[in-house]
Structure formats: structure tokens, C-alpha cells
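**Q** For reference, the structure I am asking about is given below.
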Amino acid sequence: MAQVTGNRIFKSSFGKFQFAIDRGGTFTDIFAYCPGGKTKVMKLLSEDPTNYADAPREGIRRILEEETGIKMPASVPLDCSQIDWIRMGTTVATNALLERKGERLALAITAGFKDALHIGNQSRPSIFDLTVRCPGVLYEEIVEVDERVVLQQEKCQLQKSHPIVVGSTKEKLEVWKAVNEMQLRQDLQRVLDKGIRSLAVVLMHSYTFDGHEKHVGRIAREMGFQQVSLSSEVMPMVRLVPRGYTACADGYLTPHIKRYVKNFSAGFSGGLEKMKVLFMQSDGGLAPSEKFFGSRAILSGPAGGVVGFAMTTYNEQAKMPVIGFDMGGTSTDVSRYAGSYEHVFETTTAGVTIQAPQLDINTVAAGGGSMLFYRAGMFVIGPESAGAHPGPTCYRKGGPLCVTDANLCLGRLLPEYFPHIFGKTEDQPLDKDATVAAFHDLTIVVNKQSLEQKGREYVPKTPEEVAMGFIEVANEAMCRPIRALTQAKGHDTSRHVLACFGGAGGQHACSIARSLGMKQVFIHKYCGILSAYGMALADVVYETQEPCAHTYSADNFQYLDARLGELTQQCCEELQRQGFESENITTEPFLHLRYEKTDCALMCTAAKKPSGGTAMTHGDFLSSFLDRYQSEFGFTITNRCIIVDDIRVRGVGHSAVPLENNIMQADKPPQVEKVVEVFFIGGYRDANVYLLENLRNGHVIPGPALIIDKNSTVLVEPDCEAAITANGDVSITIGSGAHRIIGTELDDIQLSIFSHRFMSTAEQMGRILQRTAISTNIKERLDFSCAMFGPDGGLVANAPHIPIHLGAMQETVQFQIKNLGNGIQKGDVILSNHPSAGGSHLPDLTVITPVFYGDQPKPVFFVASRGHHADIGGITPGSMPPHSKFLSEEGAIFRSFKLVENGIFQEEAVTEALMAPGKIPRSSGTRNLQDNLSDLRAQVAANQKGIQLITELIDAYGLNVVQAYMAHIQANAELAVREMLKEIALKTRERTGKTLLYGEDYMDDGTKIALTVDINEHEGSAVVDFSGTGYEVYGNCNTPRAVTLSALIYCLRCMVGHDVPLNQGCLAPIKIVIPSGTILSPSAGAAVVGGNVLTSQRIVDVILKAFDTCAASQGCMNNVTFGDEDVGYYETVAGGAGAVSSCCVKLSA
């Protein structure tokens, strides 16, 4: 019998078992729908080789054995005649990518581009890690295919005559060279002879012209390659490198997945042919095993959770958006659903960028297994994880203290209700005694260090207070990606429901919701296994996509409609082949749109209400694009063409899934199982314990309380109230909570929390700047930084965007305070780029906003953003002249320019200043005024966001407290640097008998950079003296003082070896001597553009050489610029890093 609920069809099936399984990194969760309508859930360790070979199969075996009463030995294949279907999400592909355990792979790529994927995009995941490791490529052999196809260029003046072909995008291409088949066969045979049977094929421009790739693919298959992944088939999108990565991931992972499916199938009698087996893809749709490919499997497990909370929490009537909060053992995933799934089309995992539709899931390394550290007076969570083996201390396998241990210590987890699956025999409960003992030992360390730092006024903490401190810091760490996911896209975080799931999420839900201003938490009755349950609810998805290079205009509507119609037909036919009837199939068309001359494309569905000439037969995509662009970036661009990069259709076969029955109505008060003591801020509180299975529809449970299920524990905090819904889920209303007074005295727990909040502020400023900027340099190259400063201009927090900006903006802010004094008024915004005013080079424009609060007569803090503008005038396009001799040749100059005065943007004055270089012979004013103005407004907007966030902090805690913790954060960074200097002094004295360090290097013209470091080993301080450095040069390799400070603070942060706040405290123990008139402190009119990008690298080399930390790299950023009056290009070609000494490795440990 079929029942219709909304747009979904549910069918009751009483004859066979149906299994939905999430094989995660730590646990495997299983949801089973049994004959007769009974549901059953189970949780197993994903890796337990001493007890079973495969966790999903073992879970199925145990449930079948329990429910049928038939003994089923683990060594005997299971009888699948009783199984209707199996749906699974698995981390098999992700783990193979992380651990580099996929199939042996060769890469076939256009001749001359063999290193393109190795070079990649030059990104560094951690800019402070001196042991730079280039992500390993997935292939071990390369075949250079002797062929060449190029796009036809109308302006090209080369005299040539080549065959012309038309690509799928209708672009014309010239075939300069056909595939050299003889050479190709020889090269492929060489690969086969080495035992490699998987091949990824990536040829230039194959996204639009796939003829050569298909030719190579045919030959490879004829010769015996078992897996051939063509980039034009895997993901035909523009951009060779990510398309190549995607093809490699497919060729590397797909055989591995097929092998896993084959092994899984071997555990069933007759294999899987007699039942339906579907796998969850990264985009949230199911696919049959034969269409489950490596490039679509990276987020297989987490995607199930997104489907789970979307299908169970979002209310079509209320339309309140939902934030999914999936806290597992090793990490926490956050995502958003507002009536449709939010996808991204390019992500990076384990150094591999993959172009494929994936649900937009943000991950933070804070889960139940995240390790706890006390470092330099701060509580630190992760990113290291204990995983399943050995797991947290309480797992009885000798593991470290983790977040799970903190919850156990505080009484938020009860061992008697937790599965007994721990210890060597896998049948023991959680070991609370071991956890409490470990926290007792850690508390001794915390109290000892705090007493040394704070003196007799320090009140020792109890083990519970230490555990609570780690919980608070973990909660704040998990709030950061939620703020990023919502505010970065223009959404109000507080206007969301928090859907909490994952085994560990229920203990943190109320605190996180309260911190984010949310009023409701929804916890599904299967929250502990919601990713598995989501797979039971998911639909089967088949997508088709092809590239396009047309403009979105009425002239092309007929073509676009025709292509969408063809792709729609392909989707329907494939889903019908999989057994779906036409009435159970829906399709949705998408166009991948971007403004011309930008690289930020949005995948857009059609607006629901077509309007006039902007609508195709398939709908109005223009309105959808403009609405999303305005929402995400804060503006739209008038009078600019919109390009269609890709055409996509998503076909959905709606599944028949179990219908959950309503639970009984409550007719008496909820049954209290017991009363336990749970620790909250302020001490222990009595909390009632309830079993979810005994609660009924309508029961209301005030906090504090614990609601326990077989696979999760939900903590209802004080001033919160839980209500049980008709389906047996838990809906928690969040109260305001007791007002907590934080004093100005240093508290190491609050220090860690404020550190997160300050850094989050700088990060969110950066996201606003990236979102609202228009130029490629800021929006796509991410050449910008944002920071906040104390009332004295001292740096408090600088998001680690660009190393050259670290610490430099402090000089700029302090210059304005000194230069303008009382001239800084409310409503002013200051623009500066002059090297003598703390600037780096002229294209880096710094926008500074003073912040006044209440009746305070002077600024209580400052915020600033620095962004590289593509052009601000000067003697060459791009404002990066290689031959400049004077600062005036490098572009517009601002020392203390009021960009906004009395709240009014000074457009006329700043336009005049930006055009001023044109008055100089051979020079020009800015070549892109509108982009300059737009980006300056974006920087003002980013500063405003910082002001809003810090003002909210002041409103919550008080001005004195916020300013006090600004100072405490700086003092903490100072402490970390002092400890490092003491350690370096000790090692240096052991090695040389003294604590004096020296390093020198030379520029290409022979100019010396000399550095002497004299360390006071007792104080942990140092004199950093650049005396002996060569004089200012008649060229542009002079370096502003601020850049030298940036280089120093960067090197100090690298040598500390662990996360510390980036602020002026890092330089507090350092006395810096830079003689005036040298290349490191030039005169006010000296050219500096090369100093910022070349000399700065040499300074870093000298500092690291003096500290005996790291060998020199290239000593240059290798900037490449070219352009004319119409086009400008500027890129930094990095590469390479110096060898790291054992000293550095030890300091970083």
C-alpha cells in the first residue's frame, strides 16, 4: 500500500529487511527496517580486525541473527534472500585518498604539461609549517601525449594554417597536432609492463573538444587498461588542473571502490545481484554500485547526514532554515538547508582538488575524539584526534584525554547507558575512573603553570572546572564554521534551527545554540545514527552536465533550452533503466553562470516566476543569478555580459522508504530513571535521567536533564526545555541562561574562548571582503588580510591570510594614531599605503576604521583591512613596474587620507588621488577606477562587520573586559615567544657556548642583509639587530620597515610550532634595530615594489638562517606581470622550500 506524504511516496514493506548503513571513520551506524514494521539500530567500531573483517556486513549479520533467531556464523556468507535493499555511505574512498592507498595509476596528459598537476595551484594548507610537504600526486607514471589543440584567437597575429574544429561549447579550436598513435602505444606499453592497469587521461581543452581524449581512451582499453578515466567524461569543466585532479581521483579511487564492493558482495551467498544495493554520493543522491565512482564518493558518509536532517527537520510551512550539526568521533560537519540542497562544485581533500557536485559541508577538527592540550596558558582542542584506536582515555586502550572524556568527567555521559564495546575484549563499559584520574593529573599541570604565571592571587581549579573549560573551548571552536557558513553568505545565524546529530552532538547542542543566538534545537530520535537514517530517506540521483561558452541572452535561449531538454531526456531514460516509473521521476535544470571577466560562477536553478525577456522555456535563470549574487556578494555588476559556463540537469528517482509511525500520546508524567549530578558552570546540579524509548508525545522535560537513547545522549541544559514530538523526536527551546559575569582578571579558559572570538572576527571580516570585492586579486587570488587592534593600535588578532601582511598593519594603525591624533573622529575611515606610514607596497591599500563606543572620547579599538588592488596607476599596467626608481612611479600614494569623513564616502577626492599619477611623465592614473572604488567600499564593509562583531562582544561582556582580554591575548603570545627564545638560547649555548646568533645573505646586486640576534636566556628576550645591512638602492628592492616586521613575526610564529594568537605580543620580547637609510629602512621617496615581493623573502631566509631553523628557498616570489591598456595580469609563481633542521622539528613537536 502506498502512502503519500508531501512529494514523497512511502511504501510499507513487511516481507524483507531493509538496511541503511553509514561506515564512518570511527563508528559504523546501521538502521534496519525489519519485516512487520519494526526498526532496529546498531553501532559498531568501523575498524575491529580481531572481531570482524567488515563492519557493515557484521552489523547486517547481527541484526538478521537477532531478529530471525537463526544462528549465522561470521565465517559463512549471509543468505540475502531475506534482504530487500542495502543503502550505504562509506569513507572507503576518502580513507584511500587520505592514506594514498588507491589503485596504481598513470597519467596521460598533453605533451609539455606533464608537471601541471604536480605544480597544482601552489596553495599551502598551513602557512606556518616550515616542513612544507607538497601533496603527493596520485599517479606514479606519466605519458606525454603528442597532440595539441588550442582555442582560436581572433586577435592572434601568428601566420598559421591548421584544421578547425567546433567544440561542444560551439567554440572554435585549431588542431595543431593530431594524436601521435605510434608513440602513444609505445608509452602506454611501457606503463603496462610496470603492472599499472589504471589510466587517467587529461588533454588540453578536452572540456569542449573530447575527440583526442576518446581516441586515447580507445587505444588504452584495447591494450589492456582495466580502468580508463577521461576528464571529458568524468567532469567536462573548464580549467585543466582541477579537471585533471578529478580524473586522477576517479582512476585512483574507482577500482578501489569496486574492489570494496566486490569484497562486501562476497560476504553474501550469491553476491548482491538478487537485491538492490545503492551507495550515497557526495551530492546527496544514491547511485547503484556500478555507477558509484571515486570522484563522486568523497563525501559519501556525511552526505547522508545532510539528507537526514533536511528530510526530518525542515518545515515547508515555517520555512525556517536549518543548520545541520554532525559531531562525530574525529570531526564535526556543519551544513545548511533552506528548502533545497546547497552544492559546491570544487573542493579540496588531502591536497586533491575535485570538480564534482558535492553538498556544501564545512568540517572542523573538533569531535568526540579530539585531543585536549594545555599549551602556554591556553586550553587547546585538537586538531589531532585519537580516532577509534586507541580512542579517548575512557575507551580502555591507553588513549589520550579527549572531548568525550571531558563530557564523561562532568557526568554528561553515563557509562551504564553507553554501549559496552570497549577494552581488548570489546565488551567493557566506558572507564570513568581512568578519565577522572587523567583529568586530575592534567589539573595539577594547569594549576602549577597558572600559579607561576599569575602568582598568589590564582585560585586553583578542580578537575571538573578544567574539563568544563575544555568543553567551553570546544563549543566555541565548533561555532566558528557555523558562523562562516551563514554570515559568509549573508544569512542571520540566529534565524536558524540547529539540527543536532552524531554520537557526540547531543551533549553540546544547547550551549552551541545559545552561543549563536538560536532559539530551537531539533534532535531526531535517530540522531546518533542520522547519517545512516538519511540514506534510508534519500533519493536516487542521476546527473548530466556539459560545458558551454555562450552568453545568457535571448539570442541563445533556443540553444540553451534545446541542450537542457536533451540532458533532461538522458536523466529520465537512465532512471527508468534503474526501475523508476515516470511519475516518480523529477528533474531540475541548472545553468552555471558568471559575469564576464570574473572567475566566480554560481550554479543557478530557474526562478519560479519567469519574467519577460530574461526567461527561457525552462525558466528565468537571470533573476535567480542576480538574486544569489546580491545575497552572497552584496552587489551586482551592471552592463556586463553573463557567461554560461556549464549546463546541468539533476534527475531524481524518488525512493520508496519506510514510513515512521507516530508514538503514543503522553497520559502521565515522564518516567524518571534516576537522578544524577551533572557539572555546569558554577558547580554540580541534579539532573533527571530519561530514556527516550519511554517518553511519549507531549512530554515536556525542563533542564537540567539527560535524555538517553541507545546511540546518543542529549543534555538539556538549565533554562532550556525539551518537548517530545509526535514522531518521538526531541525539540528543545533554548532559554537565555543565567547571566555570567566575567571579570577583567586573566582566566585561561576565557582566554582560549576570547582568542577564538577575536580570530573569528578577523576571519569573518575577510569573508565579507572576499564576498563584496569585485577584483580578481581580492576575490579569487585572496591577496588581502583583515585584523583588529587595541586602543593603542597594537595588533590583537590577524587572520592568517597573507604572510607579508602579518604584523605590518599594526605599524599603519599606530602611524595614524600618532599622525592624526585627535583628528581621528567618529565617522572617519582612513586610507593609507605609504611605506613610511606602515605600508608594504603601493598596490596594498589599507583601510582603517576607528571604533568609538558609548561616550568614550577616543577610539576603543581599531579594525583594518589591507587588499592588493590590481592597478593604482604608475608607469606600467598592474602597478608592479620592474624598473621603477622612485615611489611616485609605482602608483597613487596615500599617507593619512580620509576615505570616509563624517560618514560620507569621499568618492570625488579619492578618484582625484587615484588619477594623480597620470600627471607624472610616462605614468598613468589608475587603469581600473571602478574596480578600485568597489574594492575600497568592500574594505569599508569588511571593517564594519568587524565593528559589529566586537561591539556585540562589548555589549555582552563590557568594554573593560573585552579590552582586558585584548591585553591578555597579547600577553599570552608574548609568553609563547619568550618560552621559545629560552629554549633556543639553551640549545645555542649547548652548541656554541654563547647565545649570540648571526645570519647574512646578499641580494643579486651584492647588497648585504645582516642580522645579529642577542638572546637573554633568563628573560626570554632578544635584541634583533640588522646593523651591517647595505644601503638603500637606486631601484625598487628597498623594503619598508613594516615588511621587515612582518617577516620577523612570521618567522617567530613558524618557530613557535603551535597555534598562538598573531598579535603584537609576539614582538614584545624583541627589541628591533633597523638602521635608517638601509635597504630595510629606505627614505620616504624610494621605490619599494620589489622589496615587498623579493627582498622580503631574503629577509625571511636570513632570519631562519640566524636561528639555524631552515635553509633558504628561492629568495624571491617570482612575480610575473604583463598587460596593456585593456588587460592586466599579475601572478606569483612560488615553489620550493628550504630544508628544515632537527632544531626546528624539535621546537615544533
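For the C-alpha cells, the naming scheme is as follows: chains receive sequential letters (A, B, ...) according to their order of presentation, residues are indexed from 1 within each chain, and ligands are indexed from 1 in presentation order.
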Enumerate the residues of segment 312-425 of chain A with a DSSP assignment of strand (DSSP E or B), computed from the backbone, and present them as a PyMOL selection string.
**A** chain A and resi 322-327+332-337+341+343-344+347-349+352-354+358-359+362-364+370-375+378-385+402+422
**Q** Within 12 Å of Tyr260 of chain A, counting only C-alpha atoms, which residues qualify if same-chain residues fewer than 2 places away don't, as a VMD selection string?
**A** chain A and resid 53 to 54 56 to 57 90 to 93 96 102 253 to 258 262 to 267 289 292 294
**Q** Could you please write out, as a ChimeraX atom specification, every residue of segment 385-517 of chain A that DSSP assigns to helix (DSSP H, G or I)?
**A** /A:393-395,403-409,415-417,432-457,463-487,505-507,509-516
**Q** Between A:Phe625, A:Phe27, A:Tyr526, A:Phe815, which residue has the minimum interatomic distance to Ala1042 of chain A, considering only C-alpha atoms?
**A**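 Result for the nearest residue to Ala1042 of chain A: A:Phe815.
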**Q** For Met327 of chain A, please output as an MDAnalysis selection string all residues within 12 Å (counting only C-alpha atoms; exclusion window: fewer than 2 positions along the same chain).
**A** chainID A and resid 24 26 302 305 324:325 329:335 362:370 403:404 474:475 478:479 499:509 512 527:531 712
